[in-house]
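Q: Provided herewith is a single structure, encoded as structure tokens, for subsequent inquiry.
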Protein chains: 4
Amino acid sequence: MTAHLGPNRYGKSGIRLATVDRVGDRHRFTDLEVSIRLEGDFEAAHLAGDNSAVLPTDTMRGTCYALAREGIDTVAAFARKIAGRLLEACPAASSAWIEVTSFPWEHVRVDGVDHPHTFRPAAGGIAVVAVTCRRDGQAIVTGGVRGLRLLKTTGSAFSGYLTDRYTTLPETRDRIMATTVEATWGLDDPSDVEVAALAAAVPDTFAARFATHDDSESVQHTLHAMGTAVLDAHADVTWIHFRLPNEHHVPADLSAYGLDNPNRVFVATDRPFGVIEATVVRDGAGSGP
Amino acid sequence: MTAHLGPNRYGKSGIRLATVDRVGDRHRFTDLEVSIRLEGDFEAAHLAGDNSAVLPTDTMRGTCYALAREGIDTVAAFARKIAGRLLEACPAASSAWIEVTSFPWEHVRVDGVDHPHTFRPAAGGIAVVAVTCRRDGQAIVTGGVRGLRLLKTTGSAFSGYLTDRYTTLPETRDRIMATTVEATWGLDDPSDVEVAALAAAVPDTFAARFATHDDSESVQHTLHAMGTAVLDAHADVTWIHFRLPNEHHVPADLSAYGLDNPNRVFVATDRPFGVIEATVVRDGAGSGP
Amino acid sequence: MTAHLGPNRYGKSGIRLATVDRVGDRHRFTDLEVSIRLEGDFEAAHLAGDNSAVLPTDTMRGTCYALAREGIDTVAAFARKIAGRLLEACPAASSAWIEVTSFPWEHVRVDGVDHPHTFRPAAGGIAVVAVTCRRDGQAIVTGGVRGLRLLKTTGSAFSGYLTDRYTTLPETRDRIMATTVEATWGLDDPSDVEVAALAAAVPDTFAARFATHDDSESVQHTLHAMGTAVLDAHADVTWIHFRLPNEHHVPADLSAYGLDNPNRVFVATDRPFGVIEATVVRDGAGSGP
Amino acid sequence: MTAHLGPNRYGKSGIRLATVDRVGDRHRFTDLEVSIRLEGDFEAAHLAGDNSAVLPTDTMRGTCYALAREGIDTVAAFARKIAGRLLEACPAASSAWIEVTSFPWEHVRVDGVDHPHTFRPAAGGIAVVAVTCRRDGQAIVTGGVRGLRLLKTTGSAFSGYLTDRYTTLPETRDRIMATTVEATWGLDDPSDVEVAALAAAVPDTFAARFATHDDSESVQHTLHAMGTAVLDAHADVTWIHFRLPNEHHVPADLSAYGLDNPNRVFVATDRPFGVIEATVVRDGAGSGP
């Protein structure tokens, strides 16, 4: 048997890193999780156990903490700095992928005023920025969000679908639609400050469209409306990919108790769940992720 | 060998139930998880396999959905209604414990205005109300909150502690203090409306005290300050129990890289973690849970 | 308002600790998680921020690793050693509770033979031993197991139960019964070696009884059979407490497709789930946990 | 702004399905979770809210249960059957991807003998088979395993690596190596029975190689040894991809207590963790997944 090494990469995940910036009395708390992968020529490590080209993943961890000491202006700039340093430290690497997840915190309010140095997790999703830097200087930056739950109690229908012998689902013109948005978007060479601004603005845009899309015929239909709203509002976004679980809320069947249920009482189910995945792409911008 | 049946109870957990109320255009979305336990004389079921006194846990589930059809004004009233019905339906039961967890949602804001029927999870913890109703008519009601994270970036010290041969922790007069509050409080015969009001007000009170307790010498010290603040502010609360994990944020050791770290860069660790548990009790009110 | 400090304790959880013993070529791998709580007179820490009586939880962590260096013969002996040391190091403590969870590993088999130093997680549950040592020398030891799943495909019924207007569950004389056992048992002054032997033997006993109890009328009925089997087989066990979720497997309703389903195809559901909790107590041995 | 719909697919996840086969007294219990995705021409649903080409995901669920009634010989055959039916029911679909996860159970042993109808989860990982069927009749089948933990207490080194200013990791010639294998392998047109046989045989092969690879210089080195062992032993496997987290076990630093630690006591850490990903490909077989 003869074989060869196919695609491969390695790195560190779960690097938990927080920083405190003191701007007068008001503190800024930054809470990140960094993941790193290097790609390149690491064949000798795999085939011969020769580690001379391998930068340890523990060094990747140390690099993150050391570079954080210089301050973190934006996560995209921080990610680029890590990538640049790792490409410098590890000549065998042809590219470095750095993903930074930002856990959102907000100031606790006391007597109606933000407390300067006390925080609680903010509502909404978790921002993810990923930077891929190649040795030739090219960089790809994507934004994203995870865990952003949205739910509407009306303005959603599902009817007129294909049926077959195994279809039992009743049609409905009024249902609860709920999802936990996982979205990733491509960016056309933006500045690091723009990446940061879009991290907040893109979710605001699609959440608003989710809310106002009251003639929704399906999750697919709303996904597309959310995607086009984002492309309309943000010229730097070239494509956006959504993964939307359909978190079913089924009207409770109360007929056995002699009760009606005009969309008042629902059973929230965990499994199974629908999954709708699609990318909406600005014309002329390639096909997405 | 002879043996006997000791303490026992049974019921249903994980009953996920949501309701939608339409007040004009503005909807109210209520998202609950109910747990139920009955205690009483169920010896024949255990010893002889005689189920004639056993109300199936599936009936408990059905009872929740059926009673929800009448509308849910407050979770405490809903819990009492379920308990009352189950004691009626199951003569062998001497008491019923109903715990209702409320997942908080808030209206999504579009163009600065609450959208009337679109929601996202709200920041803050998850409210828990537990009602224990006995057949003799007595009822015990407790409020509580789970998963309420708080963090302060200064105003917390830990020094002057006992040391021994296995102590290596450095003293500090300035550290990050972070926790995820789990709190339960006793109530002195409140109305259901007061229970609901305290579900929001008690966490606000102790979160504010967490923020302002800037001479904190330990988690214990702040726990006690939070507890007395709650008893001071809310006359209906007779005791409050806290379980506070100490979610350590350790200053990153950058000395190997020739860098200082004046409380700027931190490593957030998951395990191990400290745990501080205590009850603060209003004088004359017994000793708590 | 006047208030006082009620029951309180503190300590460390999630202390992950592994040891390797080399007995000739064959290694022994021990994988533990330790939790610790101290009770005693810690009022000054809570009320006045005076830490002089407080042994840091970080010292508890260090104590575990230092004492592990002497080797771990049995987890009960190790727990007693930690407790003794902490009571010595912390004069304010009146008692120390040490819980040790053991993650089970088994040797990987290569060509039908145990490999001497390669392991994989073993099937079955996770053993838990808890030791509470008081300053007066008294000690309470309990054994336990968590996460032990058992399922039988026949030999289980549920019928003849109480019905009311909210009962829709059909009776059945043949169903799947599945649970994840959480059990804790009291021990009558056993040696540490006996504690270890019972950690394996008690689950074997009740798992076998679960299997052979083919006239099961309910989870309660089987719980009691399992408890009495344990007390019969193990004279050192004075009581045993079970918490048994009823992990429902519902026959799929295929009638809409014109198909029958004679207990062949099942839907495994997560929520809601029944919960049965009871203690079986040896006569003359008190009432359990 | 003009945009278009990019790649898209939809389906159902989390379909939990169990079957019981009665072969004489001895039962067979099959416990599956099915995920489904359809790809094809669903543009009208996204752009116009026209569902006429959309087979509801609830119908996919029903199809699984209905087809399971015919019995499940092998999961690959079951997956093909589901795919075939969905392509028939949904003309707009050009391909169907069916992933079946098998939760492994084994008979409980009573008095040294397998009990015929009582089960517990088996040790080892969880098998995953994925089938992608196109309308033109082509099918791609992959096998895989998730959650297979392996650990060796010696026979693993990490030294001779690249260092830079942020490297602090000490070299070692003897360490614990632990991982939780996630593996996927390509198959060269195998029968469904062969797919099933390889689901068990491939993990056995690489676990044995993990054990015997005692000159391991790194996770990469062992990964490659495991991959070539699989390709050597199983002619139907064309490539195998591994994702191996490096689950660090760090020798506890006991020097502050005046104690040495000759690889006896370890701290198991959760985060951060290394990740090594690579594919080993049979020559002439393409480049993998």
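Identifiers for the structure tokens are assigned positionally: chains receive A, B, ... in sequence, residues are indexed from 1 per chain, and ligands are indexed from 1 in the order shown.
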Superimpose chain D on chain A so that the squared distances between all in-order C-alpha pairs are minimised, and send the result as a CSV table (one decimal) with C-alpha atoms, in the first residue's frame.
A:
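superposed20.csv, written as the output of this step:
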chain,number,residue,atom,x,y,z
D,1,MET,CA,0.0,0.0,-0.1
D,2,THR,CA,1.2,3.5,-0.8
D,3,ALA,CA,-0.4,6.6,0.6
D,4,HIS,CA,0.3,10.3,1.0
D,5,LEU,CA,-0.5,13.0,3.4
D,6,GLY,CA,-3.5,15.0,2.2
D,7,PRO,CA,-4.8,18.4,3.5
D,8,ASN,CA,-3.6,19.1,7.1
D,9,ARG,CA,-3.5,21.9,9.6
D,10,TYR,CA,-2.9,22.3,13.3
D,11,GLY,CA,-3.2,24.8,16.0
D,12,LYS,CA,-4.8,25.8,19.3
D,13,SER,CA,-8.4,26.2,20.3
D,14,GLY,CA,-10.1,27.5,23.4
D,15,ILE,CA,-7.5,30.3,24.2
D,16,ARG,CA,-9.5,32.3,26.8
D,17,LEU,CA,-8.2,35.8,27.1
D,18,ALA,CA,-9.6,38.9,28.8
D,19,THR,CA,-8.3,42.4,29.0
D,20,VAL,CA,-9.2,45.4,31.1
D,21,ASP,CA,-8.7,48.9,29.8
D,22,ARG,CA,-9.0,51.8,32.2
D,23,VAL,CA,-10.2,55.0,30.5
D,24,GLY,CA,-10.5,57.3,33.4
D,25,ASP,CA,-12.9,55.7,35.9
D,26,ARG,CA,-14.8,53.8,33.2
D,27,HIS,CA,-13.4,50.4,32.4
D,28,ARG,CA,-13.6,48.5,29.2
D,29,PHE,CA,-13.7,44.7,29.6
D,30,THR,CA,-12.8,42.6,26.6
D,31,ASP,CA,-13.5,38.8,26.8
D,32,LEU,CA,-12.2,36.7,23.9
D,33,GLU,CA,-11.7,33.1,22.9
D,34,VAL,CA,-9.1,32.6,20.2
D,35,SER,CA,-8.6,29.7,17.8
D,36,ILE,CA,-5.6,29.3,15.6
D,37,ARG,CA,-4.7,27.0,12.7
D,38,LEU,CA,-1.5,27.0,10.6
D,39,GLU,CA,-1.3,25.4,7.1
D,40,GLY,CA,1.9,24.7,5.3
D,41,ASP,CA,4.6,22.1,4.8
D,42,PHE,CA,4.5,19.9,7.9
D,43,GLU,CA,5.0,16.6,6.1
D,44,ALA,CA,8.2,15.7,8.0
D,45,ALA,CA,6.4,16.0,11.3
D,46,HIS,CA,3.7,13.5,10.2
D,47,LEU,CA,5.9,11.1,8.3
D,48,ALA,CA,9.1,11.1,10.2
D,49,GLY,CA,8.4,12.5,13.6
D,50,ASP,CA,10.6,15.4,12.8
D,51,ASN,CA,9.4,18.5,14.7
D,52,SER,CA,12.0,21.0,13.6
D,53,ALA,CA,9.4,22.9,11.5
D,54,VAL,CA,6.6,22.7,14.1
D,55,LEU,CA,5.8,25.8,16.2
D,56,PRO,CA,4.2,24.3,19.4
D,57,THR,CA,0.6,25.1,19.9
D,58,ASP,CA,1.6,26.3,23.4
D,59,THR,CA,3.7,29.0,21.7
D,60,MET,CA,0.6,30.1,19.8
D,61,ARG,CA,-1.1,30.5,23.2
D,62,GLY,CA,1.7,32.5,24.6
D,63,THR,CA,1.8,34.7,21.6
D,64,CYS,CA,-1.8,35.7,22.1
D,65,TYR,CA,-1.3,36.7,25.7
D,66,ALA,CA,2.0,38.6,24.9
D,67,LEU,CA,0.4,40.5,22.0
D,68,ALA,CA,-2.7,41.3,24.1
D,69,ARG,CA,-0.4,43.2,26.4
D,70,GLU,CA,0.0,45.9,23.7
D,71,GLY,CA,-3.8,46.4,23.9
D,72,ILE,CA,-6.6,45.3,21.7
D,73,ASP,CA,-8.1,48.0,19.6
D,74,THR,CA,-10.2,45.8,17.4
D,75,VAL,CA,-10.4,42.1,17.3
D,76,ALA,CA,-9.6,42.1,13.5
D,77,ALA,CA,-6.4,44.0,14.1
D,78,PHE,CA,-5.5,41.7,17.0
D,79,ALA,CA,-6.2,38.7,14.8
D,80,ARG,CA,-4.0,40.1,12.0
D,81,LYS,CA,-1.2,40.8,14.5
D,82,ILE,CA,-1.3,37.2,15.8
D,83,ALA,CA,-1.3,35.9,12.2
D,84,GLY,CA,1.6,38.0,11.2
D,85,ARG,CA,3.7,37.0,14.2
D,86,LEU,CA,3.0,33.3,13.7
D,87,LEU,CA,3.9,33.5,10.0
D,88,GLU,CA,7.2,35.1,11.1
D,89,ALA,CA,7.9,32.6,13.8
D,90,CYS,CA,7.0,29.5,11.7
D,91,PRO,CA,8.6,29.6,8.2
D,92,ALA,CA,6.9,26.4,7.2
D,93,ALA,CA,3.5,27.9,7.5
D,94,SER,CA,2.0,29.2,4.3
D,95,SER,CA,-1.1,30.6,5.9
D,96,ALA,CA,-2.6,31.3,9.4
D,97,TRP,CA,-6.2,31.3,10.3
D,98,ILE,CA,-7.2,33.2,13.4
D,99,GLU,CA,-10.8,33.1,14.7
D,100,VAL,CA,-11.7,35.4,17.6
D,101,THR,CA,-15.0,35.0,19.4
D,102,SER,CA,-16.1,38.0,21.5
D,103,PHE,CA,-18.3,37.4,24.5
D,104,PRO,CA,-20.4,40.6,24.9
D,105,TRP,CA,-20.7,42.3,28.3
D,106,GLU,CA,-22.5,45.5,29.2
D,107,HIS,CA,-22.2,47.8,32.2
D,108,VAL,CA,-24.6,46.9,35.1
D,109,ARG,CA,-26.9,49.8,35.7
D,110,VAL,CA,-27.2,51.2,39.2
D,111,ASP,CA,-29.9,53.8,39.9
D,112,GLY,CA,-30.4,54.2,36.2
D,113,VAL,CA,-26.7,54.9,35.4
D,114,ASP,CA,-24.0,52.6,34.0
D,115,HIS,CA,-21.7,51.4,36.8
D,116,PRO,CA,-18.1,52.1,35.6
D,117,HIS,CA,-16.5,48.8,36.4
D,118,THR,CA,-19.2,46.2,36.9
D,119,PHE,CA,-20.5,44.1,34.0
D,120,ARG,CA,-23.0,41.5,33.0
D,121,PRO,CA,-23.4,39.5,29.8
D,122,ALA,CA,-25.3,41.5,27.2
D,123,ALA,CA,-28.3,40.1,25.3
D,124,GLY,CA,-27.8,39.1,21.7
D,125,GLY,CA,-25.4,36.8,20.0
D,126,ILE,CA,-21.7,36.2,20.2
D,127,ALA,CA,-19.5,37.9,17.5
D,128,VAL,CA,-17.0,35.9,15.6
D,129,VAL,CA,-14.3,37.4,13.4
D,130,ALA,CA,-12.0,35.2,11.3
D,131,VAL,CA,-8.9,36.3,9.5
D,132,THR,CA,-6.9,34.1,7.2
D,133,CYS,CA,-3.5,35.6,6.3
D,134,ARG,CA,-1.3,34.1,3.6
D,135,ARG,CA,2.5,34.5,3.4
D,136,ASP,CA,2.0,36.4,0.2
D,137,GLY,CA,0.2,39.1,2.1
D,138,GLN,CA,-3.3,38.3,1.0
D,139,ALA,CA,-5.9,38.3,3.8
D,140,ILE,CA,-9.5,37.2,3.9
D,141,VAL,CA,-11.7,38.6,6.7
D,142,THR,CA,-15.2,37.3,7.6
D,143,GLY,CA,-17.6,38.5,10.3
D,144,GLY,CA,-20.2,36.4,12.0
D,145,VAL,CA,-22.5,35.8,14.8
D,146,ARG,CA,-23.4,32.7,16.8
D,147,GLY,CA,-26.3,32.0,19.2
D,148,LEU,CA,-28.5,34.9,18.3
D,149,ARG,CA,-32.1,33.7,19.1
D,150,LEU,CA,-35.1,35.4,17.5
D,151,LEU,CA,-38.7,34.5,17.8
D,152,LYS,CA,-41.9,36.0,16.4
D,153,THR,CA,-45.4,35.1,17.7
D,154,THR,CA,-47.2,35.9,14.4
D,155,GLY,CA,-46.4,37.0,10.9
D,156,SER,CA,-45.2,33.6,9.9
D,157,ALA,CA,-47.0,30.9,7.7
D,158,PHE,CA,-46.2,27.6,6.2
D,159,SER,CA,-48.6,26.2,3.6
D,160,GLY,CA,-48.8,25.3,-0.1
D,161,TYR,CA,-46.0,22.8,0.2
D,162,LEU,CA,-45.4,19.5,-1.5
D,163,THR,CA,-47.2,16.6,0.1
D,164,ASP,CA,-46.7,12.8,-0.2
D,165,ARG,CA,-47.8,9.7,1.5
D,166,TYR,CA,-45.7,10.5,4.6
D,167,THR,CA,-46.9,14.1,5.0
D,168,THR,CA,-49.1,14.7,8.1
D,169,LEU,CA,-48.1,18.2,9.0
D,170,PRO,CA,-51.1,20.6,8.9
D,171,GLU,CA,-50.9,23.8,6.9
D,172,THR,CA,-50.9,27.0,8.9
D,173,ARG,CA,-51.2,30.7,8.1
D,174,ASP,CA,-50.2,31.8,11.6
D,175,ARG,CA,-47.4,30.2,13.6
D,176,ILE,CA,-44.5,30.9,15.9
D,177,MET,CA,-41.2,31.1,14.1
D,178,ALA,CA,-38.1,30.8,16.2
D,179,THR,CA,-34.5,30.3,15.4
D,180,THR,CA,-31.0,30.7,16.7
D,181,VAL,CA,-29.1,32.5,14.0
D,182,GLU,CA,-25.6,31.4,13.0
D,183,ALA,CA,-24.4,33.8,10.3
D,184,THR,CA,-21.1,34.4,8.5
D,185,TRP,CA,-20.5,37.2,6.1
D,186,GLY,CA,-17.7,38.1,3.6
D,187,LEU,CA,-16.2,41.5,3.5
D,188,ASP,CA,-14.6,43.4,0.7
D,189,ASP,CA,-11.3,44.6,2.0
D,190,PRO,CA,-12.7,46.6,4.9
D,191,SER,CA,-10.7,48.4,7.6
D,192,ASP,CA,-10.5,46.8,11.0
D,193,VAL,CA,-12.7,49.6,12.4
D,194,GLU,CA,-15.4,48.8,9.7
D,195,VAL,CA,-15.2,45.1,10.6
D,196,ALA,CA,-16.0,46.0,14.2
D,197,ALA,CA,-18.8,48.3,13.2
D,198,LEU,CA,-20.4,45.6,11.0
D,199,ALA,CA,-20.1,43.0,13.8
D,200,ALA,CA,-22.9,45.0,15.6
D,201,ALA,CA,-24.7,46.5,12.6
D,202,VAL,CA,-25.2,43.3,10.5
D,203,PRO,CA,-27.1,41.5,13.3
D,204,ASP,CA,-29.2,44.6,13.9
D,205,THR,CA,-30.1,44.7,10.3
D,206,PHE,CA,-31.2,41.1,9.9
D,207,ALA,CA,-33.0,41.0,13.3
D,208,ALA,CA,-35.0,44.0,12.2
D,209,ARG,CA,-35.9,42.4,8.9
D,210,PHE,CA,-36.8,39.2,10.7
D,211,ALA,CA,-39.2,41.3,12.7
D,212,THR,CA,-40.8,43.2,9.8
D,213,HIS,CA,-41.0,40.3,7.4
D,214,ASP,CA,-44.6,39.6,8.3
D,215,ASP,CA,-45.6,37.9,5.1
D,216,SER,CA,-43.1,35.1,5.8
D,217,GLU,CA,-44.1,31.9,4.0
D,218,SER,CA,-41.2,29.8,5.4
D,219,VAL,CA,-37.8,30.0,7.1
D,220,GLN,CA,-36.3,30.0,3.6
D,221,HIS,CA,-38.4,33.0,2.7
D,222,THR,CA,-37.3,35.0,5.7
D,223,LEU,CA,-33.7,33.9,5.4
D,224,HIS,CA,-33.6,35.4,1.9
D,225,ALA,CA,-35.2,38.6,3.1
D,226,MET,CA,-32.7,38.9,5.9
D,227,GLY,CA,-29.8,38.3,3.5
D,228,THR,CA,-30.9,40.9,1.0
D,229,ALA,CA,-31.6,43.4,3.7
D,230,VAL,CA,-28.0,43.0,4.9
D,231,LEU,CA,-26.6,43.4,1.4
D,232,ASP,CA,-28.8,46.4,0.8
D,233,ALA,CA,-27.7,48.2,4.0
D,234,HIS,CA,-24.0,47.3,4.1
D,235,ALA,CA,-22.0,47.9,0.9
D,236,ASP,CA,-18.9,46.2,2.3
D,237,VAL,CA,-20.7,42.9,2.8
D,238,THR,CA,-20.3,40.7,-0.3
D,239,TRP,CA,-22.2,37.6,0.8
D,240,ILE,CA,-23.9,36.3,3.9
D,241,HIS,CA,-24.5,32.7,4.9
D,242,PHE,CA,-27.2,31.7,7.3
D,243,ARG,CA,-27.7,28.5,9.2
D,244,LEU,CA,-31.2,28.7,10.7
D,245,PRO,CA,-32.5,25.9,12.9
D,246,ASN,CA,-36.3,25.9,12.9
D,247,GLU,CA,-37.1,25.7,16.6
D,248,HIS,CA,-40.6,24.3,16.5
D,249,HIS,CA,-43.3,25.6,18.8
D,250,VAL,CA,-46.2,23.3,18.3
D,251,PRO,CA,-49.7,24.3,19.5
D,252,ALA,CA,-50.6,22.0,22.4
D,253,ASP,CA,-53.4,19.6,21.4
D,254,LEU,CA,-56.0,20.2,24.1
D,255,SER,CA,-58.9,18.5,22.3
D,256,ALA,CA,-58.8,15.5,24.6
D,257,TYR,CA,-59.7,17.9,27.5
D,258,GLY,CA,-62.5,19.5,25.6
D,259,LEU,CA,-60.5,22.7,25.1
D,260,ASP,CA,-59.7,24.7,22.0
D,261,ASN,CA,-56.3,26.3,21.5
D,262,PRO,CA,-56.4,29.3,19.2
D,263,ASN,CA,-52.6,29.7,19.1
D,264,ARG,CA,-52.4,30.4,22.9
D,265,VAL,CA,-50.5,27.5,24.4
D,266,PHE,CA,-47.4,25.9,22.7
D,267,VAL,CA,-45.1,23.0,23.3
D,268,ALA,CA,-41.5,24.0,22.6
D,269,THR,CA,-39.6,21.0,21.3
D,270,ASP,CA,-35.9,20.3,21.1
D,271,ARG,CA,-35.6,17.5,18.6
D,272,PRO,CA,-36.0,16.9,15.8
D,273,PHE,CA,-35.5,20.4,14.3
D,274,GLY,CA,-35.5,21.8,10.8
D,275,VAL,CA,-32.3,23.3,9.4
D,276,ILE,CA,-32.3,25.8,6.6
D,277,GLU,CA,-28.9,26.8,5.2
D,278,ALA,CA,-28.3,29.3,2.4
D,279,THR,CA,-26.0,32.0,1.2
D,280,VAL,CA,-27.2,35.3,-0.4
D,281,VAL,CA,-24.5,36.7,-2.7
D,282,ARG,CA,-24.0,40.2,-4.1
D,283,ASP,CA,-23.9,40.0,-7.9
D,284,GLY,CA,-20.4,39.9,-9.2
D,285,ALA,CA,-19.0,38.8,-5.8
D,286,GLY,CA,-18.4,35.1,-6.3
D,287,SER,CA,-20.4,32.4,-4.5
D,288,GLY,CA,-19.6,32.8,-0.9
D,289,PRO,CA,-17.7,30.9,1.8
Q: Run DSSP on the backbone and tell me which residues of stretch 75-182 of chain A come out as strand (DSSP E); list them as a VMD selection string.
A: chain A and resid 93 to 102 105 to 110 113 to 121 126 to 134 139 to 152 177 to 182
Q: As a PyMOL selection string, please: all residues of stretch 68-267 of chain A that backbone DSSP puts in helix (DSSP H, G or I).
A: chain A and resi 68+75-89+192-212+219-233+255-257
